[in-house]
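Colleague: Sharing a structure below in structure tokens format, with a few things to ask.
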Amino acid sequence: MKRIAIIGAGISGLTVARLLHETNQVTIYEAADTIGGLVRCERLDGNLLHVCGGHVFNTKHQEVLNWFWQHFDKTKEFHLAQRNSSIFMPNGQEIPYPIENYIYLLPKEIQETAIQDLLELAQTEQDQYDNFEAFLQKRFGETLYHLYFKPYNEKIWRRSLQSVPIDWLEGKLPMPRVEEIIYNNFNHIAEKQFVHSSFYYEQNGGSQFLVNRLAESLDIRLSSPIEHICYNEETWSVNNEQYDAVVFCGNIRQLPSIIEGINIQPWTKPIAELQYHGTTTVFCEIDKNPYSWIYLPNKEYQAHRIICTGNFAPSNNAEGHMTGTIEFTDEISEEEIKRQLTTIPLHPRYITHRYHPYTYPIQDKNTRTMLQSLKKELASYQLFMTGRFVDWEYYNMDAAMLAAMRTAERINL
Ligand SMILES: Cc1cc2nc3c(=O)[nH]c(=O)nc-3n(C[C@H](O)[C@H](O)[C@H](O)COP(=O)(O)OP(=O)(O)OC[C@H]3O[C@@H](n4cnc5c(N)ncnc54)[C@H](O)[C@@H]3O)c2cc1C
């Protein structure tokens with residue numbers, strides 16, 4: 001039985017802990033006074049606030065699904081919801097998501113140029129691109145790029161899309177081919193028919209319910225930010241306690257300043273150069289609507305997405321209310337938020353907001369190799385690492401769980 005310290009009680013740390021705690025002595029250290037990291041939820045006057053985004057669960061990884069349903073009752077504790085997303089265009093038109101399947105609903109003159117684009121794209125090599133802008137142009141054409149993809153994504157990334165690397169893309173975005181787009185438009189194929197068109201959502205408590213269940217019976221030390229870990233004679237010291245192994249599920253940018261006893265100098269500079277974004281999540285009352293997500297390409301306001309969390313489960317709203325979260329990239333002041341809300345559809349009425357400095361890791365072409373080599377080196381000292389901000393990957397919860405499963409397997413070897 002190994003003594004193992006896990007740093008971070010987000011989805012990643014809790015998954016590793018659940019997988020290891022029966023055969024090892026596991027202690028989790030969490031900096032915040034609550035578990036959950038990005039998936040945390042709070043109840044405010046009976047309404048459920050997702051402190052970041054609005055977390056729903058789905059996965060294409062059967063292994064994750066099997067493991068997940070060992071911990072929950074699929075029918076009593078969750079429900080399966082159909083995704084119903086809309087794009088609110090600047091001209092007031094509501095176009096279902098994804099826009100490329102609904103070219104036939106766009107104004108006639110836009111249809112004409114979008115069709116022309118698709119015909120031209122069909123003659124070119126669609127798989128050659130070296131930045132995000134080129135990817136979007138080659139997949140969807142100039143018309144849809146300027147109408148939707150550019151303004152929407154520039155709000156999220158807050159930079160020229162030419163400067164956004166594409167290494168994070170794989171498996172994260174739809175990659176329809178021109179033939180598919182044309183076929184979907186001819187046949188009016190709706191999103192409902194795609195794999196990720198449905199998701200599971202907790203009947204009560206949102207994603208906090210999920211992490212609370214995973215945390216049951218684990219030894220978790222809350223309000224315990226780890227600022228120092230030391231390796232000496234094959235033992236790790238964490239918070240003055242001794243461990244055979246450590247699993248770091250925090251933020252890789254913090255690692256160089258907390259680690260002692262191992263030289264990670266060659267990785268210090270590339271780690272310091274890793275790029276990222278934060279998110280301001282604004283919790284509001286909004287008008288009743290049928291949607292799950294609403295995308296906002298309109299350049300006139302900064303918010304890029306409304307997540308209608310009030311529609312995810314009836315228990316998310318106090319009686320007679322309808323709530324949702326509105327996302328802005330990076331930090332926005334309360335005064336500016338309130339000014340912005342006056343321009344956003346569905347008449348959002350401000351309740352509160354939360355800012356997370358780390359929400360979107362941005363990779364470049366060296367990130368994965370650099371982090372893999374560091375992980376390999378540290379694993380030889382029984383320091384393992386897994387998580388969205390350790391792997392610097394655009395993980396959803398299921399991908400974070402899968403990575404945590406692989407990490408637990410390595411520790412158990
Ligand atoms: C806006 C947004 C919306 C999203 N929506 C979805 C969705 O709908 N569905 C989905 O599946 N995924 C979604 N995701 C992705 C999901 O949030 C992540 O995959 C997941 O939460 C990552 O968990 P993690 O444990 O790796 O990291 P985190 O959640 O960041 O957890 C890290 C934990 O470590 C703690 N910690 C850090 N450093 C220390 C330290 N030194 N000492 C002690 N504790 C420390 C932190 O306090 C935190 O609790 C979304 C992400 C964002 C940003």
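Identifiers for the structure tokens are assigned positionally: chains receive A, B, ... in sequence, residues are indexed from 1 per chain, and ligands are indexed from 1 in the order shown.
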Give the residues close to ligand 1, within 8 Å, counting only C-alpha atoms and all ligand atoms; write them as a ChimeraX atom specification.
Modeller: /A:7-14,29-32,34-39,52-59,223-227,249-251,254,258,278-279,281,327,358-360,386-390,394-400
Colleague: Would you mind exporting the chosen residues as a PDB file, in the first residue's frame, restricted to C-alpha atoms?
Modeller:
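Result file is out.pdb:
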```pdb
ATOM      1  CA  ILE A   7      -2.903  17.967  -5.153  1.00  0.00           C
ATOM      2  CA  GLY A   8      -6.222  19.399  -6.395  1.00  0.00           C
ATOM      3  CA  ALA A   9      -9.794  18.196  -5.851  1.00  0.00           C
ATOM      4  CA  GLY A  10     -11.160  19.006  -9.313  1.00  0.00           C
ATOM      5  CA  ILE A  11     -12.505  16.265 -11.590  1.00  0.00           C
ATOM      6  CA  SER A  12      -8.970  15.044 -12.342  1.00  0.00           C
ATOM      7  CA  GLY A  13      -7.787  14.742  -8.731  1.00  0.00           C
ATOM      8  CA  LEU A  14     -11.045  13.152  -7.591  1.00  0.00           C
ATOM      9  CA  TYR A  29      -5.074  18.625  -0.738  1.00  0.00           C
ATOM     10  CA  GLU A  30      -7.384  21.292  -2.133  1.00  0.00           C
ATOM     11  CA  ALA A  31      -6.553  24.996  -2.099  1.00  0.00           C
ATOM     12  CA  ALA A  32     -10.181  26.172  -2.109  1.00  0.00           C
ATOM     13  CA  THR A  34     -14.847  23.503  -1.571  1.00  0.00           C
ATOM     14  CA  ILE A  35     -14.120  20.646  -3.928  1.00  0.00           C
ATOM     15  CA  GLY A  36     -14.776  20.730  -7.671  1.00  0.00           C
ATOM     16  CA  GLY A  37     -12.443  23.267  -9.283  1.00  0.00           C
ATOM     17  CA  LEU A  38     -14.042  24.531 -12.485  1.00  0.00           C
ATOM     18  CA  VAL A  39     -17.173  22.408 -12.102  1.00  0.00           C
ATOM     19  CA  CYS A  52     -17.714  28.528 -14.519  1.00  0.00           C
ATOM     20  CA  GLY A  53     -19.696  27.808 -17.685  1.00  0.00           C
ATOM     21  CA  GLY A  54     -22.515  25.298 -17.245  1.00  0.00           C
ATOM     22  CA  HIS A  55     -21.156  21.783 -17.027  1.00  0.00           C
ATOM     23  CA  VAL A  56     -22.918  18.906 -18.764  1.00  0.00           C
ATOM     24  CA  PHE A  57     -21.625  15.383 -19.263  1.00  0.00           C
ATOM     25  CA  ASN A  58     -21.216  13.293 -22.360  1.00  0.00           C
ATOM     26  CA  THR A  59     -18.465  11.152 -23.788  1.00  0.00           C
ATOM     27  CA  SER A 223      -8.313  25.212   2.278  1.00  0.00           C
ATOM     28  CA  SER A 224      -4.880  23.597   1.908  1.00  0.00           C
ATOM     29  CA  PRO A 225      -2.994  25.302  -0.914  1.00  0.00           C
ATOM     30  CA  ILE A 226       0.242  23.408  -1.486  1.00  0.00           C
ATOM     31  CA  GLU A 227       3.066  25.863  -2.006  1.00  0.00           C
ATOM     32  CA  CYS A 249      -3.576  17.995 -10.589  1.00  0.00           C
ATOM     33  CA  GLY A 250      -3.156  21.763 -10.161  1.00  0.00           C
ATOM     34  CA  ASN A 251      -1.594  24.161 -12.632  1.00  0.00           C
ATOM     35  CA  GLN A 254       2.859  26.817 -10.517  1.00  0.00           C
ATOM     36  CA  ILE A 258       6.713  24.672  -5.503  1.00  0.00           C
ATOM     37  CA  GLY A 278      -9.618  33.378 -18.180  1.00  0.00           C
ATOM     38  CA  THR A 279     -13.403  33.617 -18.180  1.00  0.00           C
ATOM     39  CA  THR A 281     -19.091  33.899 -15.839  1.00  0.00           C
ATOM     40  CA  GLU A 327     -19.628  34.084 -20.687  1.00  0.00           C
ATOM     41  CA  TYR A 358      -7.379  29.950 -15.913  1.00  0.00           C
ATOM     42  CA  THR A 359     -10.068  28.434 -18.117  1.00  0.00           C
ATOM     43  CA  TYR A 360      -8.678  27.950 -21.636  1.00  0.00           C
ATOM     44  CA  THR A 386      -2.772  14.891 -14.785  1.00  0.00           C
ATOM     45  CA  GLY A 387      -5.447  17.525 -15.458  1.00  0.00           C
ATOM     46  CA  ARG A 388      -6.566  20.280 -17.820  1.00  0.00           C
ATOM     47  CA  PHE A 389      -3.929  22.719 -16.579  1.00  0.00           C
ATOM     48  CA  VAL A 390      -1.166  20.160 -16.174  1.00  0.00           C
ATOM     49  CA  TYR A 394      -8.637  21.541 -23.864  1.00  0.00           C
ATOM     50  CA  TYR A 395     -10.098  18.627 -21.849  1.00  0.00           C
ATOM     51  CA  ASN A 396     -13.772  18.265 -21.179  1.00  0.00           C
ATOM     52  CA  MET A 397     -14.614  16.397 -17.975  1.00  0.00           C
ATOM     53  CA  ASP A 398     -14.653  13.048 -19.749  1.00  0.00           C
ATOM     54  CA  ALA A 399     -11.218  13.601 -21.311  1.00  0.00           C
ATOM     55  CA  ALA A 400      -9.896  14.717 -17.911  1.00  0.00           C
TER      56      ALA A 400
END
```
Colleague: Could you pull the residues within 12 Å of A:Phe312, counting only C-alpha atoms, minus those fewer than 3 positions along the same chain, as a VMD selection string?
Modeller: chain A and resid 48 to 50 54 to 57 78 to 84 198 to 207 289 to 293 307 to 309 315 to 317 322 to 325
Colleague: Take the residues that were just selected and, keeping N, CA and C atoms, output them as a short mmCIF file (atom, residue, chain, number, x, y, z; two decimals), in the first residue's frame.
Modeller:
```cif
data_model
loop_
_atom_site.label_atom_id
_atom_site.label_comp_id
_atom_site.auth_asym_id
_atom_site.auth_seq_id
_atom_site.Cartn_x
_atom_site.Cartn_y
_atom_site.Cartn_z
N LEU A 48 -29.41 27.69 -9.11
CA LEU A 48 -28.09 27.03 -9.15
C LEU A 48 -27.13 27.79 -10.06
N LEU A 49 -26.03 28.21 -9.46
CA LEU A 49 -24.98 28.92 -10.21
C LEU A 49 -23.83 27.97 -10.49
N HIS A 50 -23.50 27.80 -11.76
CA HIS A 50 -22.26 27.10 -12.14
C HIS A 50 -21.18 28.19 -12.10
N GLY A 54 -21.29 26.00 -17.65
CA GLY A 54 -22.52 25.30 -17.24
C GLY A 54 -22.27 23.85 -17.61
N HIS A 55 -21.73 23.08 -16.66
CA HIS A 55 -21.16 21.78 -17.03
C HIS A 55 -22.19 20.68 -17.26
N VAL A 56 -22.09 20.07 -18.43
CA VAL A 56 -22.92 18.91 -18.76
C VAL A 56 -21.97 17.76 -19.11
N PHE A 57 -22.50 16.54 -19.05
CA PHE A 57 -21.62 15.38 -19.26
C PHE A 57 -22.03 14.59 -20.50
N PHE A 78 -29.76 11.29 -13.01
CA PHE A 78 -29.45 12.12 -14.20
C PHE A 78 -30.64 12.09 -15.15
N HIS A 79 -30.68 13.02 -16.06
CA HIS A 79 -31.56 12.81 -17.21
C HIS A 79 -30.78 13.09 -18.49
N LEU A 80 -31.27 12.49 -19.55
CA LEU A 80 -30.62 12.65 -20.85
C LEU A 80 -31.34 13.78 -21.58
N ALA A 81 -30.61 14.86 -21.86
CA ALA A 81 -31.23 16.02 -22.50
C ALA A 81 -30.79 16.13 -23.95
N GLN A 82 -31.67 16.61 -24.80
CA GLN A 82 -31.31 16.88 -26.20
C GLN A 82 -30.74 18.28 -26.28
N ARG A 83 -29.60 18.41 -26.93
CA ARG A 83 -29.00 19.72 -27.11
C ARG A 83 -29.84 20.53 -28.10
N ASN A 84 -30.15 21.75 -27.73
CA ASN A 84 -30.92 22.62 -28.62
C ASN A 84 -30.21 23.97 -28.65
N SER A 198 -26.75 14.97 -27.55
CA SER A 198 -27.44 14.82 -26.28
C SER A 198 -26.41 14.82 -25.16
N PHE A 199 -26.86 15.08 -23.95
CA PHE A 199 -25.93 15.09 -22.83
C PHE A 199 -26.66 14.69 -21.56
N TYR A 200 -25.90 14.24 -20.60
CA TYR A 200 -26.48 13.89 -19.30
C TYR A 200 -26.35 15.09 -18.37
N TYR A 201 -27.38 15.28 -17.56
CA TYR A 201 -27.33 16.37 -16.59
C TYR A 201 -27.96 15.88 -15.27
N GLU A 202 -27.38 16.31 -14.18
CA GLU A 202 -27.80 15.89 -12.85
C GLU A 202 -29.22 16.41 -12.56
N GLN A 203 -30.03 15.57 -11.96
CA GLN A 203 -31.40 16.03 -11.64
C GLN A 203 -31.38 17.09 -10.54
N ASN A 204 -30.37 17.03 -9.67
CA ASN A 204 -30.26 17.99 -8.58
C ASN A 204 -28.82 18.39 -8.32
N GLY A 205 -28.57 19.68 -8.23
CA GLY A 205 -27.25 20.12 -7.77
C GLY A 205 -26.21 20.32 -8.86
N GLY A 206 -26.58 20.09 -10.14
CA GLY A 206 -25.63 20.31 -11.23
C GLY A 206 -24.34 19.51 -11.02
N SER A 207 -23.26 20.02 -11.59
CA SER A 207 -22.01 19.25 -11.55
C SER A 207 -21.41 19.15 -10.13
N ASN A 289 -36.89 30.57 -22.55
CA ASN A 289 -36.50 30.25 -23.93
C ASN A 289 -36.33 28.74 -24.03
N PRO A 290 -36.25 28.18 -25.24
CA PRO A 290 -36.18 26.72 -25.37
C PRO A 290 -34.75 26.17 -25.49
N TYR A 291 -33.73 27.04 -25.31
CA TYR A 291 -32.38 26.65 -25.73
C TYR A 291 -31.52 26.08 -24.60
N SER A 292 -30.45 25.36 -25.03
CA SER A 292 -29.41 24.94 -24.09
C SER A 292 -28.25 25.93 -24.16
N TRP A 293 -27.75 26.16 -25.35
CA TRP A 293 -26.67 27.13 -25.54
C TRP A 293 -27.08 28.12 -26.63
N ILE A 307 -25.35 30.30 -21.64
CA ILE A 307 -25.64 28.90 -21.34
C ILE A 307 -26.92 28.90 -20.51
N CYS A 308 -27.97 28.31 -21.07
CA CYS A 308 -29.28 28.40 -20.41
C CYS A 308 -29.38 27.29 -19.37
N THR A 309 -28.57 27.42 -18.33
CA THR A 309 -28.50 26.36 -17.30
C THR A 309 -29.86 26.14 -16.65
N SER A 315 -34.78 21.83 -11.26
CA SER A 315 -34.29 22.18 -9.92
C SER A 315 -33.23 23.29 -9.97
N ASN A 316 -32.81 23.70 -11.16
CA ASN A 316 -31.79 24.76 -11.26
C ASN A 316 -32.37 26.16 -11.03
N ASN A 317 -33.70 26.26 -11.07
CA ASN A 317 -34.33 27.58 -10.88
C ASN A 317 -35.21 27.58 -9.64
N MET A 322 -36.06 31.93 -14.12
CA MET A 322 -35.31 31.26 -15.19
C MET A 322 -33.91 31.87 -15.20
N THR A 323 -32.90 31.03 -15.02
CA THR A 323 -31.54 31.56 -14.91
C THR A 323 -30.62 30.99 -15.99
N GLY A 324 -29.50 31.66 -16.16
CA GLY A 324 -28.50 31.19 -17.11
C GLY A 324 -27.18 31.90 -16.83
N THR A 325 -26.12 31.42 -17.48
CA THR A 325 -24.83 32.11 -17.33
C THR A 325 -24.41 32.67 -18.68
#
```
Colleague: Tell me, which residues of stretch 138-307 of chain A carry DSSP alpha helix (DSSP H), written as a PyMOL selection string?
Modeller: chain A and resi 138-144+150-157+178-187+206-215+255-258+265-272
Colleague: How about saving the chosen residues, C-alpha atoms kept, as a PDB file, in the first residue's frame?
Modeller:
```
ATOM      1  CA  LYS A 138     -10.796  25.886 -45.580  1.00  0.00           C
ATOM      2  CA  ARG A 139     -13.616  23.995 -43.875  1.00  0.00           C
ATOM      3  CA  PHE A 140     -16.456  26.474 -44.150  1.00  0.00           C
ATOM      4  CA  GLY A 141     -15.510  29.095 -46.755  1.00  0.00           C
ATOM      5  CA  GLU A 142     -15.072  32.877 -46.577  1.00  0.00           C
ATOM      6  CA  THR A 143     -18.769  33.757 -46.300  1.00  0.00           C
ATOM      7  CA  LEU A 144     -19.517  31.669 -43.201  1.00  0.00           C
ATOM      8  CA  LYS A 150     -14.475  34.954 -37.190  1.00  0.00           C
ATOM      9  CA  PRO A 151     -16.535  37.306 -34.991  1.00  0.00           C
ATOM     10  CA  TYR A 152     -17.554  34.520 -32.598  1.00  0.00           C
ATOM     11  CA  ASN A 153     -14.079  33.064 -32.183  1.00  0.00           C
ATOM     12  CA  GLU A 154     -12.351  36.434 -31.955  1.00  0.00           C
ATOM     13  CA  LYS A 155     -14.460  37.155 -28.890  1.00  0.00           C
ATOM     14  CA  ILE A 156     -13.331  33.908 -27.270  1.00  0.00           C
ATOM     15  CA  TRP A 157      -9.675  34.075 -28.229  1.00  0.00           C
ATOM     16  CA  VAL A 178     -17.680  19.990 -47.933  1.00  0.00           C
ATOM     17  CA  GLU A 179     -19.619  16.977 -49.221  1.00  0.00           C
ATOM     18  CA  GLU A 180     -21.174  16.487 -45.767  1.00  0.00           C
ATOM     19  CA  ILE A 181     -22.137  20.149 -45.460  1.00  0.00           C
ATOM     20  CA  ILE A 182     -23.857  20.030 -48.835  1.00  0.00           C
ATOM     21  CA  TYR A 183     -25.570  16.738 -47.997  1.00  0.00           C
ATOM     22  CA  ASN A 184     -26.766  18.043 -44.612  1.00  0.00           C
ATOM     23  CA  ASN A 185     -28.205  21.161 -46.234  1.00  0.00           C
ATOM     24  CA  PHE A 186     -29.985  19.221 -48.990  1.00  0.00           C
ATOM     25  CA  ASN A 187     -31.480  16.801 -46.504  1.00  0.00           C
ATOM     26  CA  GLY A 206     -25.628  20.307 -11.226  1.00  0.00           C
ATOM     27  CA  SER A 207     -22.006  19.250 -11.548  1.00  0.00           C
ATOM     28  CA  GLN A 208     -21.461  19.799  -7.807  1.00  0.00           C
ATOM     29  CA  PHE A 209     -23.546  16.651  -7.276  1.00  0.00           C
ATOM     30  CA  LEU A 210     -21.105  14.781  -9.495  1.00  0.00           C
ATOM     31  CA  VAL A 211     -17.961  15.822  -7.616  1.00  0.00           C
ATOM     32  CA  ASN A 212     -19.626  15.405  -4.216  1.00  0.00           C
ATOM     33  CA  ARG A 213     -20.375  11.782  -5.060  1.00  0.00           C
ATOM     34  CA  LEU A 214     -16.855  11.107  -6.328  1.00  0.00           C
ATOM     35  CA  ALA A 215     -15.469  12.661  -3.138  1.00  0.00           C
ATOM     36  CA  LEU A 255       5.051  23.712 -10.478  1.00  0.00           C
ATOM     37  CA  PRO A 256       8.521  25.320 -10.858  1.00  0.00           C
ATOM     38  CA  SER A 257       7.913  27.484  -7.798  1.00  0.00           C
ATOM     39  CA  ILE A 258       6.713  24.672  -5.503  1.00  0.00           C
ATOM     40  CA  GLN A 265      15.309  23.956 -14.891  1.00  0.00           C
ATOM     41  CA  PRO A 266      15.173  22.956 -18.617  1.00  0.00           C
ATOM     42  CA  TRP A 267      11.345  23.173 -18.532  1.00  0.00           C
ATOM     43  CA  THR A 268      11.017  26.368 -16.489  1.00  0.00           C
ATOM     44  CA  LYS A 269      11.091  28.832 -19.391  1.00  0.00           C
ATOM     45  CA  PRO A 270       8.692  26.958 -21.731  1.00  0.00           C
ATOM     46  CA  ILE A 271       6.280  26.494 -18.819  1.00  0.00           C
ATOM     47  CA  ALA A 272       6.389  30.212 -18.020  1.00  0.00           C
TER      48      ALA A 272
END
```
Colleague: Any idea what's packed within 12 Å of A:Glu334, counting only C-alpha atoms, ignoring anything in its chain fewer than 6 positions away? Could you give it as a VMD selection string?
Modeller: chain A and resid 280 to 283 328 340 to 341 350 to 355
